[in-house]
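Novice: Contents of coords-v7.cif (mmCIF, C-alpha atoms; chains and numbers go by the auth columns):
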```cif
data_start
#
loop_
_atom_site.group_PDB
_atom_site.id
_atom_site.type_symbol
_atom_site.label_atom_id
_atom_site.label_comp_id
_atom_site.label_asym_id
_atom_site.label_seq_id
_atom_site.Cartn_x
_atom_site.Cartn_y
_atom_site.Cartn_z
_atom_site.B_iso_or_equiv
_atom_site.auth_seq_id
_atom_site.auth_asym_id
ATOM 1 C CA MET A 1 -8.103 20.850 51.985 0.00 1 A
ATOM 2 C CA SER A 2 -6.367 17.567 51.213 0.00 2 A
ATOM 3 C CA ASP A 3 -3.593 16.982 48.727 0.00 3 A
ATOM 4 C CA ILE A 4 -5.206 14.966 45.903 0.00 4 A
ATOM 5 C CA THR A 5 -2.999 13.434 43.292 0.00 5 A
ATOM 6 C CA ASP A 6 -4.197 12.227 39.937 0.00 6 A
ATOM 7 C CA VAL A 7 -3.926 8.462 40.142 0.00 7 A
ATOM 8 C CA THR A 8 -4.691 6.426 37.049 0.00 8 A
ATOM 9 C CA PRO A 9 -6.894 3.430 37.816 0.00 9 A
ATOM 10 C CA ARG A 10 -5.279 0.023 37.312 0.00 10 A
ATOM 11 C CA GLY A 11 -7.485 -0.766 34.310 0.00 11 A
ATOM 12 C CA GLU A 12 -6.350 2.355 32.481 0.00 12 A
ATOM 13 C CA GLU A 13 -2.706 1.621 33.312 0.00 13 A
ATOM 14 C CA GLN A 14 -3.044 -1.875 31.895 0.00 14 A
ATOM 15 C CA ALA A 15 -4.827 -0.580 28.794 0.00 15 A
ATOM 16 C CA GLN A 16 -2.076 1.965 28.208 0.00 16 A
ATOM 17 C CA ALA A 17 0.630 -0.669 28.753 0.00 17 A
ATOM 18 C CA LEU A 18 -1.053 -2.980 26.232 0.00 18 A
ATOM 19 C CA LYS A 19 -1.319 -0.118 23.775 0.00 19 A
ATOM 20 C CA SER A 20 2.403 0.601 24.186 0.00 20 A
ATOM 21 C CA VAL A 21 3.189 -3.065 23.546 0.00 21 A
ATOM 22 C CA GLY A 22 0.900 -2.938 20.523 0.00 22 A
ATOM 23 C CA TRP A 23 2.710 0.091 19.103 0.00 23 A
ATOM 24 C CA LEU A 24 6.080 -1.572 19.631 0.00 24 A
ATOM 25 C CA SER A 25 4.878 -4.669 17.813 0.00 25 A
ATOM 26 C CA TYR A 26 3.328 -2.671 14.967 0.00 26 A
ATOM 27 C CA VAL A 27 6.535 -0.654 14.499 0.00 27 A
ATOM 28 C CA LEU A 28 8.616 -3.848 14.349 0.00 28 A
ATOM 29 C CA HIS A 29 6.162 -5.280 11.805 0.00 29 A
ATOM 30 C CA LEU A 30 6.267 -2.034 9.826 0.00 30 A
ATOM 31 C CA ILE A 31 10.074 -2.063 9.642 0.00 31 A
ATOM 32 C CA VAL A 32 10.008 -5.597 8.291 0.00 32 A
ATOM 33 C CA ALA A 33 7.147 -4.871 5.854 0.00 33 A
ATOM 34 C CA VAL A 34 8.821 -1.780 4.402 0.00 34 A
ATOM 35 C CA GLY A 35 12.123 -3.641 4.239 0.00 35 A
ATOM 36 C CA ALA A 36 10.448 -6.410 2.263 0.00 36 A
ATOM 37 C CA ILE A 37 9.226 -3.940 -0.363 0.00 37 A
ATOM 38 C CA ILE A 38 12.382 -1.840 -0.738 0.00 38 A
ATOM 39 C CA PRO A 39 15.147 -3.862 -2.413 0.00 39 A
ATOM 40 C CA GLY A 40 18.212 -4.206 -0.218 0.00 40 A
ATOM 41 C CA ALA A 41 16.474 -2.817 2.851 0.00 41 A
ATOM 42 C CA GLN A 42 15.534 -6.163 4.398 0.00 42 A
ATOM 43 C CA ALA A 43 15.509 -5.700 8.150 0.00 43 A
ATOM 44 C CA GLY A 44 15.466 -9.422 8.763 0.00 44 A
ATOM 45 C CA ALA A 45 13.056 -11.978 10.035 0.00 45 A
ATOM 46 C CA LEU A 46 14.459 -11.667 13.563 0.00 46 A
ATOM 47 C CA LEU A 47 12.451 -8.476 14.173 0.00 47 A
ATOM 48 C CA LEU A 48 9.326 -10.261 13.020 0.00 48 A
ATOM 49 C CA VAL A 49 9.995 -13.198 15.333 0.00 49 A
ATOM 50 C CA VAL A 50 10.538 -10.796 18.257 0.00 50 A
ATOM 51 C CA ALA A 51 7.238 -9.048 17.488 0.00 51 A
ATOM 52 C CA LEU A 52 5.438 -12.386 17.157 0.00 52 A
ATOM 53 C CA VAL A 53 6.761 -13.609 20.511 0.00 53 A
ATOM 54 C CA ILE A 54 5.738 -10.330 22.175 0.00 54 A
ATOM 55 C CA ASP A 55 2.237 -10.697 20.730 0.00 55 A
ATOM 56 C CA LEU A 56 1.910 -14.322 21.772 0.00 56 A
ATOM 57 C CA VAL A 57 3.071 -13.608 25.331 0.00 57 A
ATOM 58 C CA LYS A 58 0.970 -10.455 25.866 0.00 58 A
ATOM 59 C CA ARG A 59 -2.176 -11.598 24.030 0.00 59 A
ATOM 60 C CA PRO A 60 -3.830 -13.182 27.116 0.00 60 A
ATOM 61 C CA GLU A 61 -3.609 -9.861 28.989 0.00 61 A
ATOM 62 C CA ALA A 62 -5.746 -8.210 26.308 0.00 62 A
ATOM 63 C CA HIS A 63 -8.517 -10.820 26.453 0.00 63 A
ATOM 64 C CA GLY A 64 -11.926 -9.144 26.552 0.00 64 A
ATOM 65 C CA THR A 65 -10.670 -5.730 25.400 0.00 65 A
ATOM 66 C CA TRP A 66 -10.706 -3.988 22.026 0.00 66 A
ATOM 67 C CA GLN A 67 -6.955 -4.506 21.926 0.00 67 A
ATOM 68 C CA SER A 68 -7.376 -8.274 21.758 0.00 68 A
ATOM 69 C CA SER A 69 -8.290 -7.931 18.093 0.00 69 A
ATOM 70 C CA HIS A 70 -4.953 -6.237 17.412 0.00 70 A
ATOM 71 C CA PHE A 71 -2.967 -9.077 18.916 0.00 71 A
ATOM 72 C CA SER A 72 -4.916 -11.574 16.807 0.00 72 A
ATOM 73 C CA TRP A 73 -4.575 -9.342 13.743 0.00 73 A
ATOM 74 C CA ARG A 74 -0.793 -9.134 14.033 0.00 74 A
ATOM 75 C CA ILE A 75 -0.359 -12.839 14.776 0.00 75 A
ATOM 76 C CA HIS A 76 -2.569 -13.848 11.848 0.00 76 A
ATOM 77 C CA SER A 77 -0.826 -11.355 9.551 0.00 77 A
ATOM 78 C CA VAL A 78 2.593 -12.840 10.305 0.00 78 A
ATOM 79 C CA LEU A 79 1.429 -16.430 9.994 0.00 79 A
ATOM 80 C CA LEU A 80 -0.449 -15.824 6.737 0.00 80 A
ATOM 81 C CA ALA A 81 2.408 -13.826 5.217 0.00 81 A
ATOM 82 C CA GLY A 82 4.854 -16.558 6.220 0.00 82 A
ATOM 83 C CA LEU A 83 2.649 -19.184 4.615 0.00 83 A
ATOM 84 C CA MET A 84 2.305 -17.141 1.434 0.00 84 A
ATOM 85 C CA TYR A 85 6.078 -16.612 1.271 0.00 85 A
ATOM 86 C CA LEU A 86 6.627 -20.350 1.686 0.00 86 A
ATOM 87 C CA LEU A 87 4.085 -21.195 -0.991 0.00 87 A
ATOM 88 C CA THR A 88 5.622 -18.752 -3.464 0.00 88 A
ATOM 89 C CA ALA A 89 9.251 -19.682 -2.665 0.00 89 A
ATOM 90 C CA PRO A 90 9.450 -22.375 -5.383 0.00 90 A
ATOM 91 C CA LEU A 91 8.160 -19.846 -7.899 0.00 91 A
ATOM 92 C CA PHE A 92 10.858 -17.425 -6.770 0.00 92 A
ATOM 93 C CA LEU A 93 13.562 -20.071 -7.086 0.00 93 A
ATOM 94 C CA LEU A 94 12.445 -21.365 -10.493 0.00 94 A
ATOM 95 C CA PHE A 95 11.327 -18.165 -12.166 0.00 95 A
ATOM 96 C CA ILE A 96 13.032 -15.056 -10.826 0.00 96 A
ATOM 97 C CA LEU A 97 10.708 -12.358 -12.183 0.00 97 A
ATOM 98 C CA PRO A 98 7.365 -14.048 -11.388 0.00 98 A
ATOM 99 C CA GLY A 99 8.732 -15.020 -7.984 0.00 99 A
ATOM 100 C CA GLN A 100 9.795 -11.471 -7.240 0.00 100 A
ATOM 101 C CA LEU A 101 6.372 -10.226 -8.296 0.00 101 A
ATOM 102 C CA ALA A 102 4.650 -12.768 -6.037 0.00 102 A
ATOM 103 C CA TRP A 103 6.832 -11.805 -3.071 0.00 103 A
ATOM 104 C CA LEU A 104 6.217 -8.109 -3.775 0.00 104 A
ATOM 105 C CA LEU A 105 2.452 -8.692 -3.732 0.00 105 A
ATOM 106 C CA VAL A 106 2.681 -10.597 -0.442 0.00 106 A
ATOM 107 C CA SER A 107 4.819 -7.809 1.012 0.00 107 A
ATOM 108 C CA ILE A 108 2.359 -5.123 -0.092 0.00 108 A
ATOM 109 C CA TRP A 109 -0.507 -7.126 1.411 0.00 109 A
ATOM 110 C CA PHE A 110 1.444 -7.467 4.677 0.00 110 A
ATOM 111 C CA LEU A 111 2.226 -3.729 4.718 0.00 111 A
ATOM 112 C CA TYR A 112 -1.459 -2.949 4.120 0.00 112 A
ATOM 113 C CA ARG A 113 -2.467 -5.111 7.107 0.00 113 A
ATOM 114 C CA ILE A 114 0.063 -3.420 9.368 0.00 114 A
ATOM 115 C CA VAL A 115 -0.978 0.097 8.358 0.00 115 A
ATOM 116 C CA LYS A 116 -4.679 -0.792 8.721 0.00 116 A
ATOM 117 C CA GLY A 117 -3.994 -2.087 12.230 0.00 117 A
ATOM 118 C CA MET A 118 -1.986 0.993 13.164 0.00 118 A
ATOM 119 C CA VAL A 119 -4.772 3.298 11.996 0.00 119 A
ATOM 120 C CA ALA A 120 -7.314 1.388 14.101 0.00 120 A
ATOM 121 C CA MET A 121 -4.975 1.364 17.115 0.00 121 A
ATOM 122 C CA ASN A 122 -4.503 5.110 16.805 0.00 122 A
ATOM 123 C CA ALA A 123 -8.296 5.529 16.905 0.00 123 A
ATOM 124 C CA ASP A 124 -8.568 3.245 19.979 0.00 124 A
ATOM 125 C CA ARG A 125 -10.776 0.780 18.170 0.00 125 A
ATOM 126 C CA ALA A 126 -10.691 -2.883 17.291 0.00 126 A
ATOM 127 C CA VAL A 127 -9.333 -3.971 13.937 0.00 127 A
ATOM 128 C CA GLY A 128 -11.266 -6.380 11.728 0.00 128 A
ATOM 129 C CA SER A 129 -10.584 -8.551 8.768 0.00 129 A
#
```
What's the structure tokens form of this structure?

Specialist:
Amino acid sequence: MSDITDVTPRGEEQAQALKSVGWLSYVLHLIVAVGAIIPGAQAGALLLVVALVIDLVKRPEAHGTWQSSHFSWRIHSVLLAGLMYLLTAPLFLLFILPGQLAWLLVSIWFLYRIVKGMVAMNADRAVGS
């Protein structure tokens, strides 16, 4: 009788590593998204930049897997939210209340995208638009 150890195949190890990176990125996004909605709880754009860099660097490793959609989802979410914040910035500067409302709506949309992605990641499935 030989001593057999349970060895995870390389593909499963890589999939699990990508999933761990995905969770890290989603949690960083979530901190920023919640901070954007709760007044005075802004975690800072630095966390978002860190998450974006992680996603950009690790994205090629996920090519051809269900996790590839999550990398694209997070990258697009950050870029679109950034664009919407930039477009509504003049409104925020000129008209405080309408600007705050616009930024709140963008923040809620961003939070929705992050939670939707996390739910799909938890179910081991691709996320769609």

Novice: Please provide as a PyMOL selection string all residues within 7 Å of segment 94-107 of chain A, with the sequence filter that same-chain residues fewer than 5 positions apart are discarded (counting only C-alpha atoms).

Specialist: chain A and resi 33+36-37+81+84-85+88

Novice: Deliver the residues from the most recent selection as a file, using C-alpha atoms, as an mmCIF file, in the coordinates of the input.

Specialist:
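The resulting part_36.cif:
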```cif
data_model
loop_
_atom_site.group_PDB
_atom_site.id
_atom_site.type_symbol
_atom_site.label_atom_id
_atom_site.label_comp_id
_atom_site.auth_asym_id
_atom_site.auth_seq_id
_atom_site.Cartn_x
_atom_site.Cartn_y
_atom_site.Cartn_z
ATOM 1 C CA ALA A 33 7.147 -4.871 5.854
ATOM 2 C CA ALA A 36 10.448 -6.410 2.263
ATOM 3 C CA ILE A 37 9.226 -3.940 -0.363
ATOM 4 C CA ALA A 81 2.408 -13.826 5.217
ATOM 5 C CA MET A 84 2.305 -17.141 1.434
ATOM 6 C CA TYR A 85 6.078 -16.612 1.271
ATOM 7 C CA THR A 88 5.622 -18.752 -3.464
#
```

Novice: Counting all atoms listed in the file, what is within 7 Å of Asp55 of chain A, bar same-chain residues fewer than 4 positions away, as a list in words?

Specialist: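 After dropping sequence-adjacent residues, the list is Ala51, Arg59, Phe71 and Ile75 of chain A.
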
Novice: Counting only C-alpha atoms, what is within 8 Å of Met121 of chain A, bar same-chain residues fewer than 5 positions away, as a CSV table (one decimal) with C-alpha atoms, keeping the file's coordinate frame?

Specialist:
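Result file part23.csv:
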```csv
chain,number,residue,atom,x,y,z
A,19,LYS,CA,-1.3,-0.1,23.8
A,67,GLN,CA,-7.0,-4.5,21.9
A,70,HIS,CA,-5.0,-6.2,17.4
A,126,ALA,CA,-10.7,-2.9,17.3
A,127,VAL,CA,-9.3,-4.0,13.9
```

Novice: Provide the atom CA of Val78 of chain A to atom CA of Gln16 of chain A distance in Å, to one decimal place.

Specialist: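 These two atoms are separated by 23.7 Å.
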
Novice: Do you know which residues the PyMOL selection byres ((chain A and resi 49) around 12) returns on this file, as a list in words?

Specialist: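 What the PyMOL selection byres ((chain A and resi 49) around 12) grabs from the file is Ser25, Leu28, His29, Val32, Ala43, Gly44, Ala45, Leu46, Leu47, Leu48, Val50, Ala51, Leu52, Val53, Ile54, Asp55, Leu56, Arg74, Ile75, Val78, Leu79 and Gly82 of chain A.
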
Novice: May I ask for the distance between atom CA of Ala120 of chain A and atom CA of Val57 of chain A, given in Å to one decimal place?

Specialist: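 Going from atom CA of Ala120 of chain A over to atom CA of Val57 of chain A, I get 21.4 Å.
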
Novice: Which of these, A:Leu24, A:Leu18, A:Arg113, A:Arg125, has the shortest distance to Leu80 of chain A once you count all atoms listed in the file?

Specialist: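 Of A:Leu24, A:Leu18, A:Arg113, A:Arg125, the one nearest Leu80 of chain A, counting all atoms listed in the file, is A:Arg113.
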
Novice: Using all atoms listed in the file, which residue out of A:Gly128, A:Gly64, A:Pro90, A:Gly117 lies closest to Ala15 of chain A?

Specialist: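 Under the stated criterion, the closest residue is A:Gly64.
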
Novice: Between atom CA of Ala17 of chain A and atom CA of Trp109 of chain A, what is the distance in Å, rounded to a tenth?

Specialist: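 Those two atoms sit 28.1 Å apart.
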